[in-house]
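These notes concern the structure reproduced below.
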Amino acid sequence: MNKIFPFQKIERNSKMMAVFIASCFGMTTYAQDQGRDELLKNLMETKPAQFNHILKDQSGLQVQIIYSEVIRDKKSKIQFRDHFYNLDDQHYFYPASTVKLPIAILALEKLRDLNITGLDRNSTMITGAAGDRQTEVYNDPSSADGRPSIAQYIKKILLVSDNDAFNRLYEFLGQEYINNRLQAMGYTDVQILHRLEISLPEAENRWTNPVRFYDSTGKLLYEQPALKSKLNYASRQTKMGKGFMRAGELVNEPFDFSAKNRMTLTTLHNILRSIIFPEAVNASQRFRLTPEDYLFLRKYMSMMPAESKRPAYDSTAAWDTYVKFLYYGAEKNKSEPGIRIFNKPGDAYGFMIDAAYIVNFNNKTDCIITAVIHCNSDGIYNDDRYEYKTVGLPFMKALGQLIMSYEQTRVRKKQPDLRSFLINYSDGENR
């Protein structure tokens with residue numbers, strides 16, 4: 001586990017030590033003792049109709065929650081008071097599409113690090129193929145001018161969690177770069193090892209496609225050949241459940257997640273927090289991004305699909321609250337006035353996850369929530385019989401609304417100034 005993060009397990013008599021460690025690394029947090037901090041449990045107990053089954057079935061539903069109160073002092077310096085429910089970073093869950101968040105961030109960071117005149121997120125990105133199972137991309141009908149770009153891929157990732165967009169950024173970055181960079185930042189638990197939606201052998205996921213970037217006149221700005229990852233990642237023995245489907249047949253043995261992507265709830269929560277409040281995390285956790293990069297990420301994390309012009313989405317397929325699990329669940333209604341959710345969710349193999357910064361501009365409340373729930377009661381994987389609609393989404397909705405209701409009762413020494421999160425969703429970038 002990460003040594004410098006405030007969400008690590010804390011021994012019963014080590015609360016002051018956790019605060020000391022966090023402060024040494026430039027981060028202010030009120031680290032709660034997980035053995036004694038029962039705020040989330042107590043809150044859920046006030047709503048038995050929504051949460052009794054959660055509290056009673058920890059082994060089956062495998063719920064984990066991190067909730068950060070955002071506290072501002074008289075000078076508006078950000079601090080956090082963190083609460084946990086059943087947090088266990090040693091217990092595996094499949095992170096699904098939540099791995100797209102660090103990939104989107106790293107794509108912007110790599111562009112900055114390349115430091116090539118004219119190369120930016122809107123440059124034309126042409127993806128080639130260097131193997132039989134690699135695929136090329138020469139155009140993108142979802143963009144205004146038909147050109148594929150880092151910006152367009154990130155928009156699609158954050159608006160509707162597009163898998164192909166993730167794969168293209170994975171190919172730009174490469175397995176070795178992704179994991180080495182995140183581990184250098186202290187996220188030592190992370191293993192992002194493969195593309196999504198397409199099944200490739202481990203050896204093929206080590207290879208990236210060749211990519212080229214051009215400016216608007218067709219001038220070549222940067223060329224990257226196909227690269228093979230030499231990453232030596234820690235082996236795992238991670239098997240779950242009692243069976244899985246393979247080629248339409250039931251295999252009666254646990255499903256093997258050992259070579260699947262891995263990212264703990266602590267890491268996901270901290271990555272989100274570093275994008276929302278970069279000034280409040282220590283320097284080693286801060287990505288090398290510009291203020292414009294942060295605004296771009298926040299904009300498309302919080303934008304509703306109907307507000308997007310390019311790419312454009314059918315509101316019957318991608319409604320306002322389409323990827324807003326926490327607070328809205330399965331609702332297809334219009335979002336509540338005054339509320340914005342900056343998030344990245346995911347669901348696959350029965351695991352449902354969401355990491356969200358939720359803001360209510362009307363009553364001036366905000367908080368960060370990250371949660372996971374396992375929706376696979378029969379223990380069979382790959383059968384597409386997961387209880388997302390009946391278990392996962394109702395839980396996410398109830399949890400988000402419960403915590404935001406609690407936030408309204410919380411006494412604040414200083415009211416938050418949330419103007420930096422009031423974003424213009426119809427400006428020139430949205431084209």
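All residue names refer to the structure tokens as shown: chains lettered A, B, ... in order, residues numbered from 1 in each chain, ligands numbered from 1 in order.
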What lies within 9 Å of Asp383 (chain A) using only C-alpha atoms, ignoring chain neighbours under 6 positions off, as an MDAnalysis selection string?
-> chainID A and resid 244:246 248 250 349
Report as JSON lines: every residue of region 266-322 of chain A with an atom at most 12 Å from region 146-159 of chain A, its closest pair of atoms, and their distance in Å to one decimal, counting only C-alpha atoms, with rows sorted by chain and ascending residue number.
```
{"residue": "A:Asp293", "atom": "CA", "partner": "A:Ala151", "partner_atom": "CA", "distance": 10.2}
{"residue": "A:Phe296", "atom": "CA", "partner": "A:Ala151", "partner_atom": "CA", "distance": 8.8}
{"residue": "A:Leu297", "atom": "CA", "partner": "A:Ile154", "partner_atom": "CA", "distance": 8.1}
{"residue": "A:Arg298", "atom": "CA", "partner": "A:Leu158", "partner_atom": "CA", "distance": 9.3}
{"residue": "A:Lys299", "atom": "CA", "partner": "A:Lys155", "partner_atom": "CA", "distance": 9.2}
{"residue": "A:Tyr300", "atom": "CA", "partner": "A:Leu158", "partner_atom": "CA", "distance": 5.7}
{"residue": "A:Met301", "atom": "CA", "partner": "A:Leu158", "partner_atom": "CA", "distance": 5.2}
{"residue": "A:Ser302", "atom": "CA", "partner": "A:Leu159", "partner_atom": "CA", "distance": 8.1}
{"residue": "A:Met303", "atom": "CA", "partner": "A:Leu159", "partner_atom": "CA", "distance": 6.8}
{"residue": "A:Met304", "atom": "CA", "partner": "A:Leu159", "partner_atom": "CA", "distance": 6.9}
{"residue": "A:Pro305", "atom": "CA", "partner": "A:Leu159", "partner_atom": "CA", "distance": 6.0}
{"residue": "A:Ala306", "atom": "CA", "partner": "A:Leu159", "partner_atom": "CA", "distance": 9.7}
{"residue": "A:Glu307", "atom": "CA", "partner": "A:Leu159", "partner_atom": "CA", "distance": 9.8}
{"residue": "A:Ser308", "atom": "CA", "partner": "A:Leu159", "partner_atom": "CA", "distance": 8.3}
{"residue": "A:Lys309", "atom": "CA", "partner": "A:Lys155", "partner_atom": "CA", "distance": 10.9}
{"residue": "A:Arg310", "atom": "CA", "partner": "A:Gln152", "partner_atom": "CA", "distance": 8.3}
{"residue": "A:Pro311", "atom": "CA", "partner": "A:Lys156", "partner_atom": "CA", "distance": 7.2}
{"residue": "A:Ala312", "atom": "CA", "partner": "A:Lys156", "partner_atom": "CA", "distance": 9.8}
{"residue": "A:Tyr313", "atom": "CA", "partner": "A:Leu159", "partner_atom": "CA", "distance": 9.5}
{"residue": "A:Ala318", "atom": "CA", "partner": "A:Leu159", "partner_atom": "CA", "distance": 9.0}
{"residue": "A:Trp319", "atom": "CA", "partner": "A:Leu159", "partner_atom": "CA", "distance": 10.6}
{"residue": "A:Asp320", "atom": "CA", "partner": "A:Leu159", "partner_atom": "CA", "distance": 10.0}
{"residue": "A:Thr321", "atom": "CA", "partner": "A:Leu159", "partner_atom": "CA", "distance": 10.3}
{"residue": "A:Tyr322", "atom": "CA", "partner": "A:Leu159", "partner_atom": "CA", "distance": 8.7}
```
Which residues, written as a VMD selection string, have at least one atom at most 8 Å from Gly392 (chain A), with only C-alpha atoms counted and residues fewer than 5 positions away on the same chain left out?
-> chain A and resid 352 373 to 375 387
Which of region 176-356 of chain A fall in strand (DSSP E or B), as an MDAnalysis selection string = chainID A and resid 191 207 211:214 220:224 228 239:240 243:246 249:251 255:256 262 339:348 351:356
Per residue of region 286-353 of chain A within 10 Å of region 50-70 of chain A, record the nearest atom pair and its distance in Å to one decimal, counting only C-alpha atoms, with rows in chain order and ascending residue number, as JSON lines.
```
{"residue": "A:Gly350", "atom": "CA", "partner": "A:Leu61", "partner_atom": "CA", "distance": 9.9}
{"residue": "A:Phe351", "atom": "CA", "partner": "A:Leu61", "partner_atom": "CA", "distance": 9.2}
{"residue": "A:Met352", "atom": "CA", "partner": "A:Val63", "partner_atom": "CA", "distance": 9.7}
{"residue": "A:Ile353", "atom": "CA", "partner": "A:Gln64", "partner_atom": "CA", "distance": 9.5}
```
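Restricting the calculation to only C-alpha atoms, the smallest distance between Phe287 (chain A) and any of A:Pro102, A:Pro141, A:Pro254, A:Gly174 is found for A:Pro102.
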